[in-house]
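Structure file start_16.pdb with PDB, C-alpha atoms, pLDDT in the B column:
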```pdb
ATOM      1  CA  MET A1167       0.000   0.000   0.000  1.00 89.00           C
ATOM      2  CA  ARG A1168       1.180   3.522  -0.829  1.00 95.00           C
ATOM      3  CA  ILE A1169       0.741   6.839   0.987  1.00 96.00           C
ATOM      4  CA  ALA A1170      -1.532   7.953  -1.878  1.00 96.00           C
ATOM      5  CA  ASP A1171      -3.937   5.150  -0.848  1.00 94.00           C
ATOM      6  CA  VAL A1172      -3.933   6.402   2.747  1.00 94.00           C
ATOM      7  CA  LEU A1173      -4.668   9.954   1.579  1.00 96.00           C
ATOM      8  CA  ARG A1174      -7.512   8.724  -0.633  1.00 95.00           C
ATOM      9  CA  SER A1175      -9.055   7.130   2.438  1.00 91.00           C
ATOM     10  CA  LYS A1176      -8.489   9.900   4.989  1.00 93.00           C
ATOM     11  CA  GLY A1177      -8.458  12.964   2.758  1.00 94.00           C
ATOM     12  CA  THR A1178      -5.845  15.563   1.946  1.00 94.00           C
ATOM     13  CA  ALA A1179      -6.881  18.398   4.259  1.00 94.00           C
ATOM     14  CA  VAL A1180      -4.006  19.685   6.368  1.00 96.00           C
ATOM     15  CA  ALA A1181      -4.467  21.943   9.372  1.00 96.00           C
ATOM     16  CA  THR A1182      -1.868  24.707   9.272  1.00 97.00           C
ATOM     17  CA  VAL A1183      -0.742  27.616  11.374  1.00 98.00           C
ATOM     18  CA  ASN A1184       1.395  30.723  10.857  1.00 96.00           C
ATOM     19  CA  ALA A1185       4.772  31.041  12.593  1.00 97.00           C
ATOM     20  CA  ASP A1186       3.618  34.262  14.319  1.00 96.00           C
ATOM     21  CA  THR A1187       0.608  32.579  15.931  1.00 97.00           C
ATOM     22  CA  SER A1188       0.721  32.507  19.721  1.00 97.00           C
ATOM     23  CA  VAL A1189       1.189  29.172  21.458  1.00 97.00           C
ATOM     24  CA  SER A1190      -2.127  29.788  23.203  1.00 96.00           C
ATOM     25  CA  SER A1191      -3.868  30.053  19.820  1.00 97.00           C
ATOM     26  CA  LEU A1192      -1.914  27.036  18.595  1.00 97.00           C
ATOM     27  CA  ILE A1193      -3.382  24.956  21.410  1.00 97.00           C
ATOM     28  CA  ASP A1194      -6.862  26.141  20.414  1.00 97.00           C
ATOM     29  CA  GLU A1195      -6.195  25.092  16.805  1.00 97.00           C
ATOM     30  CA  LEU A1196      -4.898  21.657  17.817  1.00 97.00           C
ATOM     31  CA  ALA A1197      -8.049  21.094  19.866  1.00 97.00           C
ATOM     32  CA  GLU A1198     -10.396  22.503  17.222  1.00 97.00           C
ATOM     33  CA  HIS A1199      -8.993  20.216  14.517  1.00 96.00           C
ATOM     34  CA  ASN A1200      -8.511  17.308  16.937  1.00 95.00           C
ATOM     35  CA  VAL A1201      -4.956  16.745  15.682  1.00 95.00           C
ATOM     36  CA  GLY A1202      -1.563  16.324  17.284  1.00 95.00           C
ATOM     37  CA  ALA A1203       0.406  18.486  14.851  1.00 97.00           C
ATOM     38  CA  LEU A1204       0.052  21.496  12.595  1.00 98.00           C
ATOM     39  CA  VAL A1205       2.198  22.327   9.606  1.00 98.00           C
ATOM     40  CA  VAL A1206       3.650  25.820   9.869  1.00 98.00           C
ATOM     41  CA  LEU A1207       3.316  27.915   6.714  1.00 96.00           C
ATOM     42  CA  GLU A1208       4.701  31.302   5.737  1.00 94.00           C
ATOM     43  CA  ASN A1209       3.576  32.795   2.434  1.00 91.00           C
ATOM     44  CA  GLY A1210       2.210  29.398   1.417  1.00 87.00           C
ATOM     45  CA  SER A1211       5.505  27.594   1.995  1.00 92.00           C
ATOM     46  CA  MET A1212       6.152  25.016   4.690  1.00 95.00           C
ATOM     47  CA  VAL A1213       8.678  26.334   7.207  1.00 96.00           C
ATOM     48  CA  GLY A1214       8.140  23.869  10.036  1.00 97.00           C
ATOM     49  CA  ILE A1215       5.869  21.619  12.017  1.00 98.00           C
ATOM     50  CA  VAL A1216       4.649  22.008  15.584  1.00 98.00           C
ATOM     51  CA  THR A1217       3.248  19.228  17.744  1.00 96.00           C
ATOM     52  CA  GLU A1218       1.591  18.709  21.084  1.00 95.00           C
ATOM     53  CA  ARG A1219       4.871  17.191  22.196  1.00 94.00           C
ATOM     54  CA  ASP A1220       6.688  20.459  21.352  1.00 95.00           C
ATOM     55  CA  VAL A1221       4.231  22.365  23.548  1.00 96.00           C
ATOM     56  CA  VAL A1222       4.566  19.964  26.477  1.00 94.00           C
ATOM     57  CA  ARG A1223       8.363  19.917  26.396  1.00 92.00           C
ATOM     58  CA  LYS A1224       8.625  23.701  26.193  1.00 94.00           C
ATOM     59  CA  ILE A1225       6.017  24.324  28.879  1.00 91.00           C
ATOM     60  CA  HIS A1226       8.173  22.177  31.151  1.00 86.00           C
ATOM     61  CA  GLU A1227      11.035  24.626  30.521  1.00 89.00           C
ATOM     62  CA  CYS A1228       9.143  27.934  30.413  1.00 90.00           C
ATOM     63  CA  GLY A1229       5.985  27.433  32.431  1.00 92.00           C
ATOM     64  CA  ALA A1230       2.797  29.325  31.669  1.00 90.00           C
ATOM     65  CA  ASP A1231       4.743  32.145  29.964  1.00 92.00           C
ATOM     66  CA  LEU A1232       5.041  29.828  26.980  1.00 93.00           C
ATOM     67  CA  LEU A1233       1.400  30.540  26.116  1.00 94.00           C
ATOM     68  CA  LYS A1234       2.439  34.060  25.064  1.00 94.00           C
ATOM     69  CA  ALA A1235       5.332  32.832  22.886  1.00 96.00           C
ATOM     70  CA  ARG A1236       5.065  32.394  19.131  1.00 97.00           C
ATOM     71  CA  VAL A1237       4.847  29.117  17.249  1.00 97.00           C
ATOM     72  CA  ALA A1238       8.190  30.045  15.649  1.00 96.00           C
ATOM     73  CA  ASP A1239       9.770  29.744  19.104  1.00 96.00           C
ATOM     74  CA  ILE A1240       8.840  26.087  19.550  1.00 96.00           C
ATOM     75  CA  MET A1241       8.348  24.576  16.075  1.00 97.00           C
ATOM     76  CA  SER A1242      10.680  22.100  14.427  1.00 95.00           C
ATOM     77  CA  THR A1243      12.242  23.540  11.294  1.00 95.00           C
ATOM     78  CA  SER A1244      13.864  20.304  10.201  1.00 93.00           C
ATOM     79  CA  VAL A1245      10.798  18.590   8.762  1.00 94.00           C
ATOM     80  CA  PHE A1246      10.893  15.076   7.376  1.00 95.00           C
ATOM     81  CA  THR A1247       8.429  14.629   4.536  1.00 96.00           C
ATOM     82  CA  CYS A1248       7.215  11.826   2.318  1.00 96.00           C
ATOM     83  CA  LEU A1249       5.801  11.347  -1.165  1.00 97.00           C
ATOM     84  CA  PRO A1250       2.441   9.874  -2.160  1.00 97.00           C
ATOM     85  CA  SER A1251       4.385   7.108  -3.928  1.00 97.00           C
ATOM     86  CA  ASP A1252       6.168   6.014  -0.720  1.00 97.00           C
ATOM     87  CA  SER A1253       5.070   2.715   0.765  1.00 95.00           C
ATOM     88  CA  VAL A1254       3.256   2.613   4.076  1.00 94.00           C
ATOM     89  CA  ASP A1255       5.781   0.017   5.304  1.00 92.00           C
ATOM     90  CA  SER A1256       8.766   2.275   4.571  1.00 93.00           C
ATOM     91  CA  LEU A1257       6.999   5.191   6.235  1.00 93.00           C
ATOM     92  CA  ALA A1258       6.292   3.090   9.329  1.00 93.00           C
ATOM     93  CA  GLU A1259       9.985   2.241   9.504  1.00 93.00           C
ATOM     94  CA  THR A1260      11.028   5.878   9.136  1.00 93.00           C
ATOM     95  CA  MET A1261       8.540   7.047  11.750  1.00 95.00           C
ATOM     96  CA  THR A1262       9.691   4.380  14.204  1.00 94.00           C
ATOM     97  CA  GLU A1263      13.420   4.945  13.677  1.00 95.00           C
ATOM     98  CA  ARG A1264      13.179   8.737  13.873  1.00 94.00           C
ATOM     99  CA  ARG A1265      10.439   8.816  16.527  1.00 93.00           C
ATOM    100  CA  ILE A1266       8.221  10.968  14.311  1.00 94.00           C
ATOM    101  CA  ARG A1267       4.446  10.865  14.620  1.00 94.00           C
ATOM    102  CA  HIS A1268       3.456  13.153  11.736  1.00 96.00           C
ATOM    103  CA  LEU A1269       4.888  13.450   8.227  1.00 96.00           C
ATOM    104  CA  PRO A1270       3.729  16.041   5.712  1.00 97.00           C
ATOM    105  CA  VAL A1271       3.210  14.658   2.216  1.00 97.00           C
ATOM    106  CA  VAL A1272       4.882  16.881  -0.381  1.00 96.00           C
ATOM    107  CA  VAL A1273       4.910  16.855  -4.178  1.00 96.00           C
ATOM    108  CA  GLU A1274       7.274  19.221  -6.002  1.00 93.00           C
ATOM    109  CA  GLY A1275       7.518  21.426  -2.927  1.00 89.00           C
ATOM    110  CA  GLN A1276       3.748  21.620  -2.435  1.00 93.00           C
ATOM    111  CA  LEU A1277       2.004  20.306   0.676  1.00 95.00           C
ATOM    112  CA  VAL A1278      -0.616  17.762  -0.440  1.00 96.00           C
ATOM    113  CA  GLY A1279      -1.460  15.988   2.817  1.00 97.00           C
ATOM    114  CA  ILE A1280      -0.201  14.732   6.148  1.00 97.00           C
ATOM    115  CA  VAL A1281       0.105  11.222   7.515  1.00 97.00           C
ATOM    116  CA  SER A1282       0.171  10.325  11.210  1.00 95.00           C
ATOM    117  CA  ILE A1283       1.389   7.189  12.907  1.00 94.00           C
ATOM    118  CA  GLY A1284      -2.292   6.455  13.592  1.00 93.00           C
ATOM    119  CA  ASP A1285      -2.992   6.530   9.850  1.00 94.00           C
ATOM    120  CA  VAL A1286      -0.130   4.090   9.275  1.00 93.00           C
ATOM    121  CA  VAL A1287      -1.372   1.716  11.973  1.00 90.00           C
ATOM    122  CA  LYS A1288      -4.945   1.894  10.669  1.00 90.00           C
ATOM    123  CA  SER A1289      -3.720   1.101   7.167  1.00 86.00           C
ATOM    124  CA  ARG A1290      -1.692  -1.864   8.365  1.00 85.00           C
ATOM    125  CA  ILE A1291      -4.621  -3.220  10.395  1.00 86.00           C
ATOM    126  CA  GLY A1292      -6.802  -2.957   7.295  1.00 80.00           C
ATOM    127  CA  GLU A1293      -4.237  -4.896   5.258  1.00 79.00           C
ATOM    128  CA  LEU A1294      -4.022  -7.618   7.911  1.00 81.00           C
ATOM    129  CA  GLN A1295      -7.817  -7.886   8.112  1.00 85.00           C
ATOM    130  CA  SER A1296      -8.016  -8.226   4.339  1.00 80.00           C
ATOM    131  CA  GLU A1297      -5.342 -10.962   4.355  1.00 80.00           C
ATOM    132  CA  ARG A1298      -7.180 -12.771   7.139  1.00 84.00           C
ATOM    133  CA  ASP A1299     -10.486 -12.594   5.261  1.00 80.00           C
ATOM    134  CA  HIS A1300      -8.800 -13.896   2.113  1.00 80.00           C
ATOM    135  CA  LEU A1301      -7.226 -16.808   3.988  1.00 82.00           C
ATOM    136  CA  GLU A1302     -10.522 -17.693   5.707  1.00 84.00           C
ATOM    137  CA  HIS A1303     -12.281 -17.656   2.333  1.00 83.00           C
ATOM    138  CA  TYR A1304      -9.526 -19.859   0.858  1.00 82.00           C
ATOM    139  CA  ILE A1305      -9.820 -22.351   3.728  1.00 84.00           C
ATOM    140  CA  ASP A1306     -13.627 -22.418   3.524  1.00 84.00           C
ATOM    141  CA  GLN A1307     -13.474 -23.116  -0.221  1.00 85.00           C
ATOM    142  CA  GLY A1308     -10.634 -25.662   0.105  1.00 67.00           C
TER     143      GLY A1308
END
```

Written as structure tokens, that's how I'd like the structure from this file.
Amino acid sequence: MRIADVLRSKGTAVATVNADTSVSSLIDELAEHNVGALVVLENGSMVGIVTERDVVRKIHECGADLLKARVADIMSTSVFTCLPSDSVDSLAETMTERRIRHLPVVVEGQLVGIVSIGDVVKSRIGELQSERDHLEHYIDQG
């Protein structure tokens, strides 16, 4: 299965935020979209990604003052991305090795979706269920 198949199933909408957004507003956006990460855009270009984990780790350092900081102060600027043609298995390996939970999907520099570790697990469970159903059908017919 390819990332394009995952995006066909879940959709290509990506929640984004501006680098100048306050961390307080970021938290509101994460909750509103019920997601664990937002891609950070400036002038339509991806400049980073910010996650719930980034907020938690920084709040440990800064306390409540972090809520007044900007997304730019806590976001990751080194963003790993993937292509729609990448396999779900290779993405699962990358996410596990690099301890990444969200990967933007990019084509020719354009953001076309985002895949989470939950999407990868759901895809793999679907594949296993399909294999199981096929084997049960084979045994019943055999």

Enclose the full set of atoms of stretch 1216-1233 of chain A listed in the file within a box whose edges lie along x, y and z, apply 5 Å of padding to each of the six sides, and report centre and edge lengths in Å to one decimal as lines of an AutoDock Vina configuration file.
```
center_x = 6.2
center_y = 24.7
center_z = 24.0
size_x = 19.6
size_y = 25.0
size_z = 26.8
```

Best match for closeness to A:Thr1217 among A:Ile1305, A:Val1172, A:His1268, A:Ala1230, counting all atoms listed in the file: A:His1268

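Atom pair atom CA of A:Met1212 / atom CA of A:Ser1289: separated by 26.0 Å.
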
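Between atom CA of A:Ala1181 and atom CA of A:Ala1197 the separation is 11.1 Å.
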
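Of the listed residues (A:Val1271, A:Val1201, A:Ala1235, A:Ile1266), A:Val1271 comes nearest to A:Arg1168; the distances count all atoms listed in the file.
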
Explicit residues for the PyMOL selection byres ((chain A and resi 1170) around 10) (as a PyMOL selection string): chain A and resi 1167-1169+1171-1178+1249-1254+1271+1278-1279

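Across the structure, atom CA of A:Leu1207 and atom CA of A:Val1222 are spaced 21.3 Å apart.
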
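Residue nearest A:Leu1277 within the list A:Met1241, A:Glu1227, A:Gln1307, A:Thr1247: A:Thr1247 [criterion: smallest interatomic distance, only C-alpha atoms].
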
Residue nearest A:Ala1238 - candidates A:Val1221, A:Ala1179, A:Glu1297, A:Gly1284, atoms counted: all atoms listed in the file: A:Val1221

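The residue that comes closest to A:Leu1257, out of A:Asp1285, A:Asp1186, A:Glu1195, A:Glu1208 and on the basis of only C-alpha atoms, is A:Asp1285.
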
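Residues matched by the PyMOL selection byres ((chain A and resi 1243-1245) around 7) in this file are A:Val1213, A:Gly1214, A:Ile1215, A:Met1241, A:Ser1242, A:Phe1246, A:Thr1247.
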
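Compared by their closest atoms to A:Gly1275, and using only C-alpha atoms, the residues A:Val1216, A:Gly1210, A:His1226, A:Asp1299 rank with A:Gly1210 nearest.
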
Residue neighbourhood A:Asp1231, 12 Å, all atoms listed in the file, exclusion window fewer than 5 positions, as a list in words: Ser1188, Val1189, Ser1190, Val1221, Lys1224, Ile1225, His1226 and Arg1236 of chain A

Output C-alpha atoms of each residue in that selection to a file, as a PDB file, keeping the file's coordinate frame.
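Final output, result.pdb:
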```pdb
ATOM      1  CA  SER A1188       0.721  32.507  19.721  1.00 97.00           C
ATOM      2  CA  VAL A1189       1.189  29.172  21.458  1.00 97.00           C
ATOM      3  CA  SER A1190      -2.127  29.788  23.203  1.00 96.00           C
ATOM      4  CA  VAL A1221       4.231  22.365  23.548  1.00 96.00           C
ATOM      5  CA  LYS A1224       8.625  23.701  26.193  1.00 94.00           C
ATOM      6  CA  ILE A1225       6.017  24.324  28.879  1.00 91.00           C
ATOM      7  CA  HIS A1226       8.173  22.177  31.151  1.00 86.00           C
ATOM      8  CA  ARG A1236       5.065  32.394  19.131  1.00 97.00           C
TER       9      ARG A1236
END
```
